[in-house]
Amino acid sequence: MATSTGVHIRRAEAADNDSLSRLFADVSMEADLDLEVRREPDFFGLYRIQGDDWECWVGENDRGIAGMGTIVVRDGYLDGRLRRIGYLGDLRLSPELQGKKLLPRFYGPILSNAAQRYGCEVFLTTVIASNRRAIRALTGAGAQASGIPPYLLIRRFDIRAVHLTVPLPRPRTNIVVRRARADDVADLASFLDDDGRRRPFGYAMPEPELRRRLRLWPDFDTSSFLLAHDRSGELVGCVAVWDPHALKRIVVRGYHGRMRTVRRVYNAAAKSLRFSPLPPPGGQLGYAYATHVAISSDDPGVLRALVHAVYADQRRSGRTSVAFCVFDEDPLAPAFRGFPYTDLSTNLYAVAAPGAELPPGCFAPARPGFEMALV
């Protein structure tokens, strides 16, 4: 698709790998914590580990690729029924494309086409709350009138970085936490699938899908999981810790607003108490994600036992933090009481193709099924 501005819109190809990696690194996310995401050497690897249904769109001019966006579609649950659920992400525009109104012109048609081909009624997407420019462009008063599909806020959540600092005593609890073994996979898949079924946008996790993840995600296997059992031996919670460095690395470009103060206070404590400081601008964050978090009863005590186990284990890893997803009004939020952490506020939106309506199940009160590590 060619435009009057000399920009060509097309599907990305394997040969675009290096150009997309450069664009991704050059266009940072404007927020209090200004981050640069590096995806070389395999830019498309983060999409492939999620499944076969994904597409990346690029905008190029006579100087090369100057903009991009992606669509990833997977199986999930709404109202307990299996649906196709999409995610819109990796929207990047170089300065030379910003202000040319290309996004309103092509966003709707591309989304409508994807919705029809994949049978997808709803797409999720996220924007960091302090990225005011993106929120204004995508959700402001003129966005829908210009052709951008409506963005409806589903929930706010915090990217909660639990900082691995001083040793913490483990509380007394009836919950027993242990590392998963190979013979746990079938029960673990069933547990994760049951959890997904009761959540809006929950992930469908039949055993073949869990085994596919264990096989294809780099540095991820059965031992990445910690399992929580109650006094009777019943599985009541799980979490996996995943370091995405093989596919995605995050470099700090700068600290702004309140994050300047956070870093100053944090690094002063790190110096006196001898734990790893937050990196300077240009430094790489040493972190991992808490993924596949499922608590059958939404009991924060179960998650708290798991977080303590993650904290104790990861303090020996050389990383500085583990990132959790904590929604507003989340019943699990008390699990983090007493842990050192900082939050990056983020908005989760639901988007339908132009002319379509969102399914009612999008607005169910339960915690949304959303795997922060994959975006």
# chains A, B, ... in the order shown; residues from 1 in each chain; ligands from 1

call {"tool": "residues_around", "arguments": {"residues": "segment 143-153 of chain A", "least_positions_apart": "6", "cutoff": "8 Å", "atoms": "only C-alpha atoms", "output": "list in words"}}
result
Leu103, Pro104, Arg105, Tyr107, Gly108, Arg136, Ala137, Asn347, Leu348, Tyr349, Ala350, Val351, Ala352, Ala353 and Pro354 of chain A

call {"tool": "residues_around", "arguments": {"residues": "segment 124-132 of chain A", "least_positions_apart": "3", "cutoff": "10 Å", "atoms": "only C-alpha atoms", "output": "NGL selection string"}}
result
:A and (29-34 or 71-73 or 85-90 or 135-138 or 151-159 or 201 or 257 or 344-352 or 362 or 370 or 372 or 375)

call {"tool": "write_last_selection", "arguments": {"atoms": "N, CA and C atoms", "output": "compact mmCIF listing (two decimals), in the first residue's frame"}}
result
# COMPACT_ATOMS: atom_id res chain seq x y z
N MET A 29 10.56 4.60 24.55
CA MET A 29 9.25 4.83 25.13
C MET A 29 9.32 6.03 26.05
N GLU A 30 8.54 7.06 25.75
CA GLU A 30 8.58 8.29 26.54
C GLU A 30 7.81 8.08 27.84
N ALA A 31 8.54 7.99 28.93
CA ALA A 31 7.93 7.76 30.23
C ALA A 31 8.91 8.25 31.29
N ASP A 32 8.47 8.22 32.56
CA ASP A 32 9.37 8.63 33.64
C ASP A 32 10.63 7.78 33.66
N LEU A 33 10.47 6.52 33.31
CA LEU A 33 11.61 5.64 33.12
C LEU A 33 11.76 5.44 31.62
N ASP A 34 12.71 6.13 31.01
CA ASP A 34 12.86 6.15 29.55
C ASP A 34 13.71 4.94 29.13
N ILE A 71 0.56 -7.43 15.28
CA ILE A 71 -0.66 -8.08 15.74
C ILE A 71 -0.31 -9.53 16.07
N VAL A 72 -0.62 -9.96 17.28
CA VAL A 72 -0.42 -11.36 17.71
C VAL A 72 -1.76 -11.89 18.17
N VAL A 73 -2.13 -13.08 17.72
CA VAL A 73 -3.43 -13.67 18.06
C VAL A 73 -3.22 -15.03 18.70
N ILE A 85 -8.15 -14.17 20.72
CA ILE A 85 -7.86 -12.90 21.36
C ILE A 85 -6.55 -12.36 20.80
N GLY A 86 -6.57 -11.09 20.43
CA GLY A 86 -5.40 -10.48 19.82
C GLY A 86 -4.68 -9.53 20.76
N TYR A 87 -3.46 -9.20 20.39
CA TYR A 87 -2.70 -8.16 21.09
C TYR A 87 -2.07 -7.25 20.05
N LEU A 88 -2.22 -5.94 20.25
CA LEU A 88 -1.63 -4.94 19.37
C LEU A 88 -0.43 -4.34 20.08
N GLY A 89 0.72 -4.42 19.47
CA GLY A 89 1.90 -3.95 20.18
C GLY A 89 2.99 -3.45 19.27
N ASP A 90 4.09 -3.09 19.91
CA ASP A 90 5.32 -2.67 19.22
C ASP A 90 5.09 -1.53 18.23
N ILE A 135 -0.95 8.25 24.61
CA ILE A 135 -2.34 8.18 25.08
C ILE A 135 -3.19 9.22 24.37
N ARG A 136 -2.65 10.42 24.19
CA ARG A 136 -3.39 11.46 23.50
C ARG A 136 -3.64 11.08 22.03
N ALA A 137 -2.62 10.51 21.37
CA ALA A 137 -2.76 10.17 19.95
C ALA A 137 -3.73 9.02 19.72
N LEU A 138 -3.79 8.09 20.67
CA LEU A 138 -4.60 6.88 20.47
C LEU A 138 -5.98 6.97 21.10
N TYR A 151 -10.39 3.02 21.79
CA TYR A 151 -9.64 2.35 22.85
C TYR A 151 -10.48 2.46 24.13
N LEU A 152 -10.87 1.32 24.70
CA LEU A 152 -11.64 1.32 25.93
C LEU A 152 -10.77 0.78 27.06
N LEU A 153 -10.63 1.58 28.10
CA LEU A 153 -9.78 1.19 29.22
C LEU A 153 -10.42 0.04 29.98
N ILE A 154 -9.73 -1.09 30.02
CA ILE A 154 -10.20 -2.27 30.75
C ILE A 154 -9.74 -2.24 32.20
N ARG A 155 -8.48 -1.95 32.41
CA ARG A 155 -7.94 -1.96 33.75
C ARG A 155 -6.59 -1.24 33.76
N ARG A 156 -6.27 -0.64 34.85
CA ARG A 156 -4.92 -0.13 35.07
C ARG A 156 -4.13 -1.18 35.85
N PHE A 157 -2.86 -1.26 35.57
CA PHE A 157 -2.02 -2.18 36.33
C PHE A 157 -0.64 -1.59 36.52
N ASP A 158 0.06 -2.13 37.48
CA ASP A 158 1.43 -1.72 37.74
C ASP A 158 2.39 -2.80 37.27
N ILE A 159 3.40 -2.38 36.55
CA ILE A 159 4.56 -3.25 36.34
C ILE A 159 5.38 -3.12 37.62
N PHE A 201 -10.02 -12.88 29.08
CA PHE A 201 -8.81 -12.96 28.26
C PHE A 201 -7.81 -13.98 28.80
N GLY A 257 11.18 12.76 35.99
CA GLY A 257 10.11 12.89 36.98
C GLY A 257 10.48 12.19 38.28
N LEU A 344 5.52 0.88 37.85
CA LEU A 344 5.37 1.67 36.63
C LEU A 344 3.92 1.50 36.17
N SER A 345 3.14 2.56 36.32
CA SER A 345 1.71 2.48 36.04
C SER A 345 1.45 2.35 34.53
N THR A 346 0.55 1.44 34.18
CA THR A 346 0.28 1.11 32.78
C THR A 346 -1.21 0.91 32.58
N ASN A 347 -1.70 1.26 31.40
CA ASN A 347 -3.11 1.11 31.06
C ASN A 347 -3.30 -0.07 30.11
N LEU A 348 -4.31 -0.89 30.39
CA LEU A 348 -4.68 -2.01 29.52
C LEU A 348 -5.99 -1.65 28.82
N TYR A 349 -5.96 -1.64 27.49
CA TYR A 349 -7.11 -1.26 26.69
C TYR A 349 -7.62 -2.46 25.89
N ALA A 350 -8.91 -2.42 25.57
CA ALA A 350 -9.51 -3.36 24.62
C ALA A 350 -9.89 -2.58 23.38
N VAL A 351 -9.65 -3.17 22.22
CA VAL A 351 -9.91 -2.54 20.94
C VAL A 351 -10.65 -3.53 20.05
N ALA A 352 -11.69 -3.07 19.38
CA ALA A 352 -12.39 -3.88 18.39
C ALA A 352 -12.14 -3.29 17.01
N CYS A 362 -15.53 -8.70 28.15
CA CYS A 362 -14.32 -7.89 28.30
C CYS A 362 -14.31 -7.11 29.62
N PHE A 370 -3.38 -11.72 31.22
CA PHE A 370 -2.46 -10.88 30.45
C PHE A 370 -1.05 -11.26 30.83
N MET A 372 2.41 -10.22 30.74
CA MET A 372 3.21 -9.01 30.56
C MET A 372 4.57 -9.31 29.93
N VAL A 375 5.03 -8.82 25.89
CA VAL A 375 4.77 -7.58 25.16
C VAL A 375 6.03 -6.72 25.10

call {"tool": "select_by_dssp", "arguments": {"residues": "segment 271-366 of chain A", "states": "alpha helix (DSSP H)", "output": "mmCIF file with N, CA and C atoms, in the first residue's frame"}}
result
data_model
loop_
_atom_site.group_PDB
_atom_site.id
_atom_site.type_symbol
_atom_site.label_atom_id
_atom_site.label_comp_id
_atom_site.auth_asym_id
_atom_site.auth_seq_id
_atom_site.Cartn_x
_atom_site.Cartn_y
_atom_site.Cartn_z
ATOM 1 N N LYS A 271 24.342 1.251 48.009
ATOM 2 C CA LYS A 271 25.745 1.452 48.373
ATOM 3 C C LYS A 271 25.998 1.077 49.823
ATOM 4 N N SER A 272 25.095 1.472 50.714
ATOM 5 C CA SER A 272 25.315 1.213 52.142
ATOM 6 C C SER A 272 25.013 -0.227 52.523
ATOM 7 N N LEU A 273 24.040 -0.855 51.821
ATOM 8 C CA LEU A 273 23.625 -2.214 52.189
ATOM 9 C C LEU A 273 24.193 -3.280 51.258
ATOM 10 N N PRO A 300 -4.097 -13.960 48.701
ATOM 11 C CA PRO A 300 -2.779 -13.329 48.660
ATOM 12 C C PRO A 300 -1.737 -14.068 49.484
ATOM 13 N N GLY A 301 -2.174 -14.852 50.476
ATOM 14 C CA GLY A 301 -1.225 -15.621 51.260
ATOM 15 C C GLY A 301 -0.493 -16.661 50.429
ATOM 16 N N VAL A 302 -1.190 -17.228 49.435
ATOM 17 C CA VAL A 302 -0.546 -18.206 48.552
ATOM 18 C C VAL A 302 0.500 -17.511 47.683
ATOM 19 N N LEU A 303 0.109 -16.386 47.082
ATOM 20 C CA LEU A 303 1.073 -15.658 46.253
ATOM 21 C C LEU A 303 2.239 -15.160 47.102
ATOM 22 N N ARG A 304 1.967 -14.736 48.320
ATOM 23 C CA ARG A 304 3.032 -14.233 49.185
ATOM 24 C C ARG A 304 4.091 -15.314 49.430
ATOM 25 N N ALA A 305 3.642 -16.544 49.651
ATOM 26 C CA ALA A 305 4.592 -17.636 49.840
ATOM 27 C C ALA A 305 5.443 -17.840 48.584
ATOM 28 N N LEU A 306 4.816 -17.713 47.423
ATOM 29 C CA LEU A 306 5.545 -17.859 46.156
ATOM 30 C C LEU A 306 6.517 -16.697 45.946
ATOM 31 N N VAL A 307 6.085 -15.469 46.244
ATOM 32 C CA VAL A 307 6.967 -14.315 46.065
ATOM 33 C C VAL A 307 8.186 -14.435 46.985
ATOM 34 N N HIS A 308 7.971 -14.894 48.211
ATOM 35 C CA HIS A 308 9.113 -15.088 49.113
ATOM 36 C C HIS A 308 10.092 -16.108 48.529
ATOM 37 N N ALA A 309 9.561 -17.175 47.943
ATOM 38 C CA ALA A 309 10.436 -18.191 47.363
ATOM 39 C C ALA A 309 11.186 -17.641 46.151
ATOM 40 N N VAL A 310 10.485 -16.871 45.316
ATOM 41 C CA VAL A 310 11.134 -16.238 44.162
ATOM 42 C C VAL A 310 12.228 -15.286 44.637
ATOM 43 N N TYR A 311 11.921 -14.481 45.628
ATOM 44 C CA TYR A 311 12.870 -13.486 46.131
ATOM 45 C C TYR A 311 14.144 -14.157 46.648
ATOM 46 N N ALA A 312 13.969 -15.174 47.473
ATOM 47 C CA ALA A 312 15.128 -15.857 48.039
ATOM 48 C C ALA A 312 15.966 -16.521 46.951
ATOM 49 N N ASP A 313 15.296 -17.108 45.968
ATOM 50 C CA ASP A 313 15.999 -17.806 44.894
ATOM 51 C C ASP A 313 16.729 -16.829 43.973
ATOM 52 N N GLN A 314 16.045 -15.743 43.588
ATOM 53 C CA GLN A 314 16.606 -14.827 42.600
ATOM 54 C C GLN A 314 17.674 -13.901 43.171
#

call {"tool": "residues_around", "arguments": {"residues": "Asp42 of chain A", "least_positions_apart": "4", "cutoff": "9 Å", "atoms": "only C-alpha atoms", "output": "mmCIF file with C-alpha atoms, in the first residue's frame"}}
result
data_model
loop_
_atom_site.group_PDB
_atom_site.id
_atom_site.type_symbol
_atom_site.label_atom_id
_atom_site.label_comp_id
_atom_site.auth_asym_id
_atom_site.auth_seq_id
_atom_site.Cartn_x
_atom_site.Cartn_y
_atom_site.Cartn_z
ATOM 1 C CA ASN A 17 15.211 -8.111 10.803
ATOM 2 C CA ASP A 18 18.160 -5.735 11.203
ATOM 3 C CA SER A 21 15.981 -4.001 15.418
ATOM 4 C CA LEU A 46 9.414 -12.823 20.583
ATOM 5 C CA ALA A 246 17.845 -13.996 24.574
ATOM 6 C CA LEU A 247 14.941 -12.206 22.851
#

call {"tool": "closest_residue", "arguments": {"among": "A:Leu210, A:Met259, A:Val251, A:Leu226", "to": "Arg178 of chain A", "atoms": "only C-alpha atoms"}}
result
A:Leu226

call {"tool": "closest_residue", "arguments": {"among": "A:Val265, A:Leu188, A:Leu35, A:Leu111", "to": "Trp57 of chain A", "atoms": "only C-alpha atoms"}}
result
A:Leu111

call {"tool": "atom_distance", "arguments": {"atom1": "atom CA of Pro200 of chain A", "atom2": "atom CA of Gly119 of chain A"}}
result
17.5 Å

call {"tool": "closest_residue", "arguments": {"among": "A:Tyr255, A:Pro95, A:Val241, A:Arg84", "to": "Gln116 of chain A", "atoms": "only C-alpha atoms"}}
result
A:Arg84

call {"tool": "decode", "arguments": {"residues": "segment 63-216 of chain A", "atoms": "C-alpha atoms", "output": "mmCIF file, in the first residue's frame"}}
result
data_model
loop_
_atom_site.group_PDB
_atom_site.id
_atom_site.type_symbol
_atom_site.label_atom_id
_atom_site.label_comp_id
_atom_site.auth_asym_id
_atom_site.auth_seq_id
_atom_site.Cartn_x
_atom_site.Cartn_y
_atom_site.Cartn_z
ATOM 1 C CA ARG A 63 15.503 5.929 3.471
ATOM 2 C CA GLY A 64 14.171 2.613 4.739
ATOM 3 C CA ILE A 65 11.804 1.380 7.454
ATOM 4 C CA ALA A 66 10.560 4.265 9.591
ATOM 5 C CA GLY A 67 7.538 2.799 11.393
ATOM 6 C CA MET A 68 6.016 -0.482 12.514
ATOM 7 C CA GLY A 69 3.261 -2.227 14.487
ATOM 8 C CA THR A 70 2.353 -5.848 15.213
ATOM 9 C CA ILE A 71 -0.663 -8.084 15.744
ATOM 10 C CA VAL A 72 -0.415 -11.355 17.707
ATOM 11 C CA VAL A 73 -3.429 -13.668 18.059
ATOM 12 C CA ARG A 74 -3.835 -16.593 20.478
ATOM 13 C CA ASP A 75 -6.511 -18.781 22.074
ATOM 14 C CA GLY A 76 -8.070 -17.450 25.252
ATOM 15 C CA TYR A 77 -11.245 -17.320 27.304
ATOM 16 C CA LEU A 78 -14.108 -14.838 27.578
ATOM 17 C CA ASP A 79 -17.091 -15.774 29.748
ATOM 18 C CA GLY A 80 -15.466 -19.198 30.117
ATOM 19 C CA ARG A 81 -15.685 -19.846 26.376
ATOM 20 C CA LEU A 82 -12.755 -20.329 24.043
ATOM 21 C CA ARG A 83 -12.203 -17.290 21.803
ATOM 22 C CA ARG A 84 -9.521 -15.822 19.606
ATOM 23 C CA ILE A 85 -7.857 -12.896 21.362
ATOM 24 C CA GLY A 86 -5.397 -10.479 19.823
ATOM 25 C CA TYR A 87 -2.704 -8.165 21.094
ATOM 26 C CA LEU A 88 -1.630 -4.943 19.368
ATOM 27 C CA GLY A 89 1.900 -3.954 20.179
ATOM 28 C CA ASP A 90 5.319 -2.669 19.222
ATOM 29 C CA LEU A 91 3.963 0.544 17.706
ATOM 30 C CA ARG A 92 6.970 2.627 16.735
ATOM 31 C CA LEU A 93 7.182 5.690 14.490
ATOM 32 C CA SER A 94 10.406 7.507 13.745
ATOM 33 C CA PRO A 95 10.313 11.310 14.053
ATOM 34 C CA GLU A 96 10.082 11.694 10.271
ATOM 35 C CA LEU A 97 6.739 9.814 10.203
ATOM 36 C CA GLN A 98 5.225 11.413 13.283
ATOM 37 C CA GLY A 99 2.584 13.976 12.376
ATOM 38 C CA LYS A 100 1.933 12.555 8.891
ATOM 39 C CA LYS A 101 -1.392 10.998 10.014
ATOM 40 C CA LEU A 102 -0.471 7.600 8.568
ATOM 41 C CA LEU A 103 -1.728 5.719 11.627
ATOM 42 C CA PRO A 104 -5.378 6.851 11.339
ATOM 43 C CA ARG A 105 -5.379 6.068 7.636
ATOM 44 C CA PHE A 106 -4.175 2.470 7.834
ATOM 45 C CA TYR A 107 -4.902 1.303 11.382
ATOM 46 C CA GLY A 108 -8.605 0.565 10.814
ATOM 47 C CA PRO A 109 -8.307 -1.359 7.514
ATOM 48 C CA ILE A 110 -5.397 -3.494 8.748
ATOM 49 C CA LEU A 111 -7.231 -4.304 11.984
ATOM 50 C CA SER A 112 -10.476 -5.161 10.172
ATOM 51 C CA ASN A 113 -8.636 -7.502 7.841
ATOM 52 C CA ALA A 114 -6.855 -9.248 10.729
ATOM 53 C CA ALA A 115 -10.086 -9.586 12.729
ATOM 54 C CA GLN A 116 -11.757 -11.324 9.800
ATOM 55 C CA ARG A 117 -8.871 -13.642 8.934
ATOM 56 C CA TYR A 118 -8.230 -14.758 12.516
ATOM 57 C CA GLY A 119 -11.851 -14.708 13.710
ATOM 58 C CA CYS A 120 -10.786 -12.277 16.439
ATOM 59 C CA GLU A 121 -13.390 -10.055 18.142
ATOM 60 C CA VAL A 122 -11.154 -8.232 20.585
ATOM 61 C CA PHE A 123 -7.578 -7.018 20.736
ATOM 62 C CA LEU A 124 -5.724 -5.960 23.875
ATOM 63 C CA THR A 125 -3.033 -3.323 23.990
ATOM 64 C CA THR A 126 -1.074 -1.429 26.646
ATOM 65 C CA VAL A 127 0.317 2.074 27.038
ATOM 66 C CA ILE A 128 2.524 3.234 29.907
ATOM 67 C CA ALA A 129 0.445 5.782 31.814
ATOM 68 C CA SER A 130 3.125 8.479 31.766
ATOM 69 C CA ASN A 131 3.455 8.243 27.964
ATOM 70 C CA ARG A 132 1.058 11.125 27.486
ATOM 71 C CA ARG A 133 1.821 11.612 23.801
ATOM 72 C CA ALA A 134 0.790 8.053 22.918
ATOM 73 C CA ILE A 135 -2.336 8.180 25.084
ATOM 74 C CA ARG A 136 -3.390 11.462 23.497
ATOM 75 C CA ALA A 137 -2.758 10.173 19.955
ATOM 76 C CA LEU A 138 -4.603 6.884 20.470
ATOM 77 C CA THR A 139 -7.409 7.762 22.883
ATOM 78 C CA GLY A 140 -7.804 11.553 22.679
ATOM 79 C CA ALA A 141 -10.898 13.381 21.462
ATOM 80 C CA GLY A 142 -9.740 13.469 17.847
ATOM 81 C CA ALA A 143 -8.361 9.940 17.607
ATOM 82 C CA GLN A 144 -11.600 8.127 16.745
ATOM 83 C CA ALA A 145 -12.752 10.899 14.410
ATOM 84 C CA SER A 146 -9.482 10.547 12.491
ATOM 85 C CA GLY A 147 -9.992 6.803 11.942
ATOM 86 C CA ILE A 148 -8.317 5.133 14.931
ATOM 87 C CA PRO A 149 -10.626 2.462 16.456
ATOM 88 C CA PRO A 150 -11.933 3.246 19.955
ATOM 89 C CA TYR A 151 -9.644 2.348 22.854
ATOM 90 C CA LEU A 152 -11.641 1.321 25.934
ATOM 91 C CA LEU A 153 -9.779 1.190 29.223
ATOM 92 C CA ILE A 154 -10.199 -2.269 30.748
ATOM 93 C CA ARG A 155 -7.936 -1.956 33.754
ATOM 94 C CA ARG A 156 -4.922 -0.134 35.069
ATOM 95 C CA PHE A 157 -2.020 -2.184 36.328
ATOM 96 C CA ASP A 158 1.434 -1.720 37.744
ATOM 97 C CA ILE A 159 4.555 -3.250 36.338
ATOM 98 C CA ARG A 160 5.839 -4.016 39.816
ATOM 99 C CA ALA A 161 9.596 -4.439 39.981
ATOM 100 C CA VAL A 162 10.365 -6.326 43.187
ATOM 101 C CA HIS A 163 13.918 -5.299 43.978
ATOM 102 C CA LEU A 164 16.256 -8.043 45.103
ATOM 103 C CA THR A 165 17.993 -6.250 47.939
ATOM 104 C CA VAL A 166 18.495 -7.382 51.531
ATOM 105 C CA PRO A 167 17.558 -10.868 52.790
ATOM 106 C CA LEU A 168 13.985 -11.102 54.048
ATOM 107 C CA PRO A 169 12.717 -13.595 56.634
ATOM 108 C CA ARG A 170 10.079 -15.979 55.389
ATOM 109 C CA PRO A 171 6.787 -15.877 57.275
ATOM 110 C CA ARG A 172 5.226 -18.925 58.842
ATOM 111 C CA THR A 173 2.687 -20.417 56.492
ATOM 112 C CA ASN A 174 0.801 -23.614 55.758
ATOM 113 C CA ILE A 175 1.783 -23.293 52.098
ATOM 114 C CA VAL A 176 4.570 -25.554 50.866
ATOM 115 C CA VAL A 177 6.530 -24.258 47.863
ATOM 116 C CA ARG A 178 8.707 -26.502 45.746
ATOM 117 C CA ARG A 179 10.258 -26.496 42.283
ATOM 118 C CA ALA A 180 8.299 -28.267 39.545
ATOM 119 C CA ARG A 181 9.451 -31.594 38.118
ATOM 120 C CA ALA A 182 8.938 -33.200 34.722
ATOM 121 C CA ASP A 183 6.081 -35.348 36.044
ATOM 122 C CA ASP A 184 4.175 -32.193 37.133
ATOM 123 C CA VAL A 185 3.548 -30.903 33.598
ATOM 124 C CA ALA A 186 0.133 -32.484 33.010
ATOM 125 C CA ASP A 187 -1.287 -31.301 36.348
ATOM 126 C CA LEU A 188 0.320 -27.894 35.919
ATOM 127 C CA ALA A 189 -1.242 -27.435 32.466
ATOM 128 C CA SER A 190 -4.671 -28.353 33.842
ATOM 129 C CA PHE A 191 -4.228 -25.906 36.719
ATOM 130 C CA LEU A 192 -3.195 -23.072 34.397
ATOM 131 C CA ASP A 193 -6.034 -23.780 31.974
ATOM 132 C CA ASP A 194 -8.612 -23.783 34.788
ATOM 133 C CA ASP A 195 -7.222 -20.453 35.972
ATOM 134 C CA GLY A 196 -7.415 -18.988 32.483
ATOM 135 C CA ARG A 197 -11.001 -20.145 31.991
ATOM 136 C CA ARG A 198 -12.283 -18.063 34.919
ATOM 137 C CA ARG A 199 -10.550 -14.847 33.843
ATOM 138 C CA PRO A 200 -11.400 -12.426 31.009
ATOM 139 C CA PHE A 201 -8.813 -12.960 28.264
ATOM 140 C CA GLY A 202 -7.365 -15.882 30.240
ATOM 141 C CA TYR A 203 -4.839 -18.011 28.388
ATOM 142 C CA ALA A 204 -5.910 -21.404 27.107
ATOM 143 C CA MET A 205 -3.274 -23.815 28.372
ATOM 144 C CA PRO A 206 -3.884 -27.411 27.275
ATOM 145 C CA GLU A 207 -0.925 -29.669 27.917
ATOM 146 C CA PRO A 208 0.406 -29.456 24.317
ATOM 147 C CA GLU A 209 0.567 -25.655 24.597
ATOM 148 C CA LEU A 210 2.478 -25.758 27.876
ATOM 149 C CA ARG A 211 4.890 -28.320 26.435
ATOM 150 C CA ARG A 212 5.348 -26.116 23.352
ATOM 151 C CA ARG A 213 6.327 -23.200 25.603
ATOM 152 C CA LEU A 214 8.736 -25.346 27.597
ATOM 153 C CA ARG A 215 10.311 -26.432 24.326
ATOM 154 C CA LEU A 216 10.481 -23.077 22.485
#
